[in-house]
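run-v4.pdb (PDB, N, CA and C atoms and all ligand atoms)
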ATOM      1  N   MET I  23      18.038 -15.151  -9.804  1.00  0.00           N
ATOM      2  CA  MET I  23      17.304 -13.875  -9.776  1.00  0.00           C
ATOM      3  C   MET I  23      16.883 -13.542  -8.344  1.00  0.00           C
ATOM      4  N   CYS I  24      16.802 -12.271  -8.069  1.00  0.00           N
ATOM      5  CA  CYS I  24      16.455 -11.827  -6.712  1.00  0.00           C
ATOM      6  C   CYS I  24      15.052 -11.226  -6.664  1.00  0.00           C
ATOM      7  N   PHE I  25      14.252 -11.571  -7.647  1.00  0.00           N
ATOM      8  CA  PHE I  25      12.926 -10.968  -7.720  1.00  0.00           C
ATOM      9  C   PHE I  25      11.936 -11.651  -6.778  1.00  0.00           C
ATOM     10  N   ARG I  26      11.303 -10.863  -5.928  1.00  0.00           N
ATOM     11  CA  ARG I  26      10.318 -11.412  -4.992  1.00  0.00           C
ATOM     12  C   ARG I  26       8.958 -10.742  -5.220  1.00  0.00           C
ATOM     13  N   PRO I  27       8.096 -11.352  -6.002  1.00  0.00           N
ATOM     14  CA  PRO I  27       6.804 -10.748  -6.334  1.00  0.00           C
ATOM     15  C   PRO I  27       5.884 -10.596  -5.136  1.00  0.00           C
ATOM     16  N   ALA I  28       6.048 -11.429  -4.130  1.00  0.00           N
ATOM     17  CA  ALA I  28       5.159 -11.375  -2.965  1.00  0.00           C
ATOM     18  C   ALA I  28       5.361 -10.091  -2.178  1.00  0.00           C
ATOM     19  N   ALA I  29       6.591  -9.582  -2.189  1.00  0.00           N
ATOM     20  CA  ALA I  29       6.889  -8.375  -1.419  1.00  0.00           C
ATOM     21  C   ALA I  29       6.514  -7.108  -2.189  1.00  0.00           C
ATOM     22  N   VAL I  30       6.325  -7.244  -3.487  1.00  0.00           N
ATOM     23  CA  VAL I  30       6.063  -6.077  -4.326  1.00  0.00           C
ATOM     24  C   VAL I  30       4.573  -5.770  -4.390  1.00  0.00           C
ATOM     25  N   SER I  31       3.790  -6.796  -4.704  1.00  0.00           N
ATOM     26  CA  SER I  31       2.362  -6.556  -4.908  1.00  0.00           C
ATOM     27  C   SER I  31       1.550  -6.914  -3.667  1.00  0.00           C
ATOM     28  N   LYS I  32       1.761  -6.151  -2.613  1.00  0.00           N
ATOM     29  CA  LYS I  32       0.989  -6.391  -1.394  1.00  0.00           C
ATOM     30  C   LYS I  32       0.166  -5.149  -1.070  1.00  0.00           C
ATOM     31  N   PRO I  33      -1.120  -5.186  -1.377  1.00  0.00           N
ATOM     32  CA  PRO I  33      -1.956  -4.014  -1.156  1.00  0.00           C
ATOM     33  C   PRO I  33      -2.156  -3.741   0.334  1.00  0.00           C
ATOM     34  N   ILE I  34      -2.234  -2.474   0.655  1.00  0.00           N
ATOM     35  CA  ILE I  34      -2.482  -2.063   2.039  1.00  0.00           C
ATOM     36  C   ILE I  34      -3.943  -1.646   2.167  1.00  0.00           C
ATOM     37  N   GLU I  35      -4.588  -2.126   3.204  1.00  0.00           N
ATOM     38  CA  GLU I  35      -5.975  -1.709   3.425  1.00  0.00           C
ATOM     39  C   GLU I  35      -5.999  -0.477   4.318  1.00  0.00           C
ATOM     40  N   CYS I  36      -6.613   0.547   3.812  1.00  0.00           N
ATOM     41  CA  CYS I  36      -6.709   1.785   4.580  1.00  0.00           C
ATOM     42  C   CYS I  36      -7.547   1.557   5.838  1.00  0.00           C
ATOM     43  N   PRO I  37      -7.023   1.940   7.000  1.00  0.00           N
ATOM     44  CA  PRO I  37      -7.740   1.730   8.264  1.00  0.00           C
ATOM     45  C   PRO I  37      -8.942   2.640   8.416  1.00  0.00           C
ATOM     46  N   ASN I  38      -9.027   3.640   7.580  1.00  0.00           N
ATOM     47  CA  ASN I  38     -10.121   4.605   7.692  1.00  0.00           C
ATOM     48  C   ASN I  38     -11.279   4.283   6.739  1.00  0.00           C
ATOM     49  N   CYS I  39     -10.971   4.209   5.436  1.00  0.00           N
ATOM     50  CA  CYS I  39     -12.030   4.006   4.448  1.00  0.00           C
ATOM     51  C   CYS I  39     -12.087   2.568   3.936  1.00  0.00           C
ATOM     52  N   LYS I  40     -11.144   1.728   4.399  1.00  0.00           N
ATOM     53  CA  LYS I  40     -11.133   0.296   4.074  1.00  0.00           C
ATOM     54  C   LYS I  40     -10.892   0.001   2.607  1.00  0.00           C
ATOM     55  N   LYS I  41     -10.414   0.980   1.869  1.00  0.00           N
ATOM     56  CA  LYS I  41     -10.082   0.734   0.466  1.00  0.00           C
ATOM     57  C   LYS I  41      -8.702   0.110   0.362  1.00  0.00           C
ATOM     58  N   LYS I  42      -8.521  -0.726  -0.660  1.00  0.00           N
ATOM     59  CA  LYS I  42      -7.231  -1.358  -0.878  1.00  0.00           C
ATOM     60  C   LYS I  42      -6.332  -0.402  -1.654  1.00  0.00           C
ATOM     61  N   VAL I  43      -5.215  -0.066  -1.035  1.00  0.00           N
ATOM     62  CA  VAL I  43      -4.267   0.824  -1.689  1.00  0.00           C
ATOM     63  C   VAL I  43      -3.068   0.009  -2.142  1.00  0.00           C
ATOM     64  N   ALA I  44      -2.935  -0.134  -3.442  1.00  0.00           N
ATOM     65  CA  ALA I  44      -1.850  -0.941  -3.981  1.00  0.00           C
ATOM     66  C   ALA I  44      -0.588  -0.103  -4.123  1.00  0.00           C
ATOM     67  N   SER I  45       0.540  -0.708  -3.798  1.00  0.00           N
ATOM     68  CA  SER I  45       1.812  -0.024  -3.978  1.00  0.00           C
ATOM     69  C   SER I  45       2.223  -0.106  -5.441  1.00  0.00           C
ATOM     70  N   VAL I  46       2.519   1.013  -6.042  1.00  0.00           N
ATOM     71  CA  VAL I  46       2.832   1.060  -7.465  1.00  0.00           C
ATOM     72  C   VAL I  46       4.334   1.163  -7.674  1.00  0.00           C
ATOM     73  N   GLY I  47       4.870   0.247  -8.462  1.00  0.00           N
ATOM     74  CA  GLY I  47       6.290   0.268  -8.775  1.00  0.00           C
ATOM     75  C   GLY I  47       7.169   0.034  -7.560  1.00  0.00           C
ATOM     76  N   GLY I  48       6.633  -0.662  -6.571  1.00  0.00           N
ATOM     77  CA  GLY I  48       7.405  -0.955  -5.363  1.00  0.00           C
ATOM     78  C   GLY I  48       7.499   0.232  -4.426  1.00  0.00           C
ATOM     79  N   LYS I  49       6.753   1.298  -4.744  1.00  0.00           N
ATOM     80  CA  LYS I  49       6.784   2.481  -3.894  1.00  0.00           C
ATOM     81  C   LYS I  49       5.568   2.490  -2.979  1.00  0.00           C
ATOM     82  N   ARG I  50       5.819   2.464  -1.708  1.00  0.00           N
ATOM     83  CA  ARG I  50       4.731   2.381  -0.742  1.00  0.00           C
ATOM     84  C   ARG I  50       4.193   3.769  -0.402  1.00  0.00           C
ATOM     85  N   LEU I  51       2.878   3.877  -0.508  1.00  0.00           N
ATOM     86  CA  LEU I  51       2.262   5.154  -0.201  1.00  0.00           C
ATOM     87  C   LEU I  51       2.173   5.360   1.306  1.00  0.00           C
ATOM     88  N   LYS I  52       2.369   6.583   1.725  1.00  0.00           N
ATOM     89  CA  LYS I  52       2.304   6.894   3.162  1.00  0.00           C
ATOM     90  C   LYS I  52       0.921   7.381   3.558  1.00  0.00           C
ATOM     91  N   GLN I  53       0.184   7.864   2.550  1.00  0.00           N
ATOM     92  CA  GLN I  53      -1.166   8.336   2.834  1.00  0.00           C
ATOM     93  C   GLN I  53      -2.161   7.717   1.863  1.00  0.00           C
ATOM     94  N   CYS I  54      -3.364   7.519   2.343  1.00  0.00           N
ATOM     95  CA  CYS I  54      -4.424   7.010   1.487  1.00  0.00           C
ATOM     96  C   CYS I  54      -4.786   8.059   0.439  1.00  0.00           C
ATOM     97  N   PRO I  55      -4.816   7.676  -0.855  1.00  0.00           N
ATOM     98  CA  PRO I  55      -5.144   8.628  -1.916  1.00  0.00           C
ATOM     99  C   PRO I  55      -6.615   9.018  -1.925  1.00  0.00           C
ATOM    100  N   TYR I  56      -7.434   8.289  -1.175  1.00  0.00           N
ATOM    101  CA  TYR I  56      -8.868   8.541  -1.166  1.00  0.00           C
ATOM    102  C   TYR I  56      -9.280   9.471  -0.036  1.00  0.00           C
ATOM    103  N   CYS I  57      -8.794   9.174   1.168  1.00  0.00           N
ATOM    104  CA  CYS I  57      -9.244   9.952   2.332  1.00  0.00           C
ATOM    105  C   CYS I  57      -8.090  10.642   3.052  1.00  0.00           C
ATOM    106  N   LYS I  58      -6.868  10.478   2.543  1.00  0.00           N
ATOM    107  CA  LYS I  58      -5.679  11.128   3.077  1.00  0.00           C
ATOM    108  C   LYS I  58      -5.322  10.662   4.493  1.00  0.00           C
ATOM    109  N   GLU I  59      -5.830   9.496   4.834  1.00  0.00           N
ATOM    110  CA  GLU I  59      -5.491   8.930   6.132  1.00  0.00           C
ATOM    111  C   GLU I  59      -4.078   8.356   6.089  1.00  0.00           C
ATOM    112  N   ASP I  60      -3.372   8.444   7.196  1.00  0.00           N
ATOM    113  CA  ASP I  60      -2.035   7.860   7.248  1.00  0.00           C
ATOM    114  C   ASP I  60      -2.128   6.346   7.192  1.00  0.00           C
ATOM    115  N   LEU I  61      -1.313   5.757   6.321  1.00  0.00           N
ATOM    116  CA  LEU I  61      -1.313   4.308   6.177  1.00  0.00           C
ATOM    117  C   LEU I  61      -0.220   3.680   7.036  1.00  0.00           C
ATOM    118  N   PRO I  62      -0.478   2.485   7.533  1.00  0.00           N
ATOM    119  CA  PRO I  62       0.554   1.769   8.289  1.00  0.00           C
ATOM    120  C   PRO I  62       1.724   1.386   7.392  1.00  0.00           C
ATOM    121  N   GLU I  63       2.916   1.457   7.922  1.00  0.00           N
ATOM    122  CA  GLU I  63       4.119   1.163   7.130  1.00  0.00           C
ATOM    123  C   GLU I  63       4.212  -0.319   6.788  1.00  0.00           C
ATOM    124  N   LYS I  64       3.716  -1.141   7.702  1.00  0.00           N
ATOM    125  CA  LYS I  64       3.844  -2.584   7.472  1.00  0.00           C
ATOM    126  C   LYS I  64       2.482  -3.267   7.585  1.00  0.00           C
TER     127      LYS I  64
HETATM  128 ZN    ZN U   1      -8.557   5.798   3.064  1.00  0.00          ZN
END
What would you get if you wrote out this structure as structure tokens?
Ligand SMILES: [Zn+2]
Amino acid sequence: MCFRPAAVSKPIECPNCKKKVASVGGKRLKQCPYCKEDLPEK
């Protein structure tokens, strides 16, 4: 199997409001849903 759970469920901490933004379904958000701040890609 090629499933890597560590790469899927890695929450991003927003640099502005410090909230944890979890990637849903392996789709990485580009903006914070709370404050609309741009999130780092990595
Ligand atoms: Zn934010």
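Atom N of Pro33 of chain I to atom N of Pro62 of chain I spans 11.8 Å [interatomic distance, one decimal].
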Who sits within 10 Å of Lys42 of chain I, only C-alpha atoms, same chain under 4 positions skipped, as an mmCIF file with N, CA and C atoms, keeping the file's coordinate frame:
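Okay, this is what ended up in result_36.cif:
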data_model
loop_
_atom_site.group_PDB
_atom_site.id
_atom_site.type_symbol
_atom_site.label_atom_id
_atom_site.label_comp_id
_atom_site.auth_asym_id
_atom_site.auth_seq_id
_atom_site.Cartn_x
_atom_site.Cartn_y
_atom_site.Cartn_z
ATOM 1 N N LYS I 32 1.761 -6.151 -2.613
ATOM 2 C CA LYS I 32 0.989 -6.391 -1.394
ATOM 3 C C LYS I 32 0.166 -5.149 -1.070
ATOM 4 N N PRO I 33 -1.120 -5.186 -1.377
ATOM 5 C CA PRO I 33 -1.956 -4.014 -1.156
ATOM 6 C C PRO I 33 -2.156 -3.741 0.334
ATOM 7 N N ILE I 34 -2.234 -2.474 0.655
ATOM 8 C CA ILE I 34 -2.482 -2.063 2.039
ATOM 9 C C ILE I 34 -3.943 -1.646 2.167
ATOM 10 N N GLU I 35 -4.588 -2.126 3.204
ATOM 11 C CA GLU I 35 -5.975 -1.709 3.425
ATOM 12 C C GLU I 35 -5.999 -0.477 4.318
ATOM 13 N N CYS I 36 -6.613 0.547 3.812
ATOM 14 C CA CYS I 36 -6.709 1.785 4.580
ATOM 15 C C CYS I 36 -7.547 1.557 5.838
ATOM 16 N N PRO I 37 -7.023 1.940 7.000
ATOM 17 C CA PRO I 37 -7.740 1.730 8.264
ATOM 18 C C PRO I 37 -8.942 2.640 8.416
ATOM 19 N N CYS I 54 -3.364 7.519 2.343
ATOM 20 C CA CYS I 54 -4.424 7.010 1.487
ATOM 21 C C CYS I 54 -4.786 8.059 0.439
#
Query raised in the report: Applied to the shown file, which residues does the PyMOL selection byres (((not hetatm)) within 6.5 of (chain U and resi 1)) return, written as a PyMOL selection string?
Result: chain I and resi 36-41+54-59
Query raised in the report: Which neighbours of Glu63 of chain I fall inside 8 Å, counting all atoms listed in the file, when residues of the same chain fewer than 6 positions from it are skipped, and could you give them as a PyMOL selection string?
Result: chain I and resi 50-52
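In this model, the gap between atom N of Val43 of chain I and atom C of Asp60 of chain I comes to 10.9 Å.
Our summary of the geometry notes that atom C of Gly47 of chain I is positioned 17.2 Å from atom N of Leu61 of chain I.
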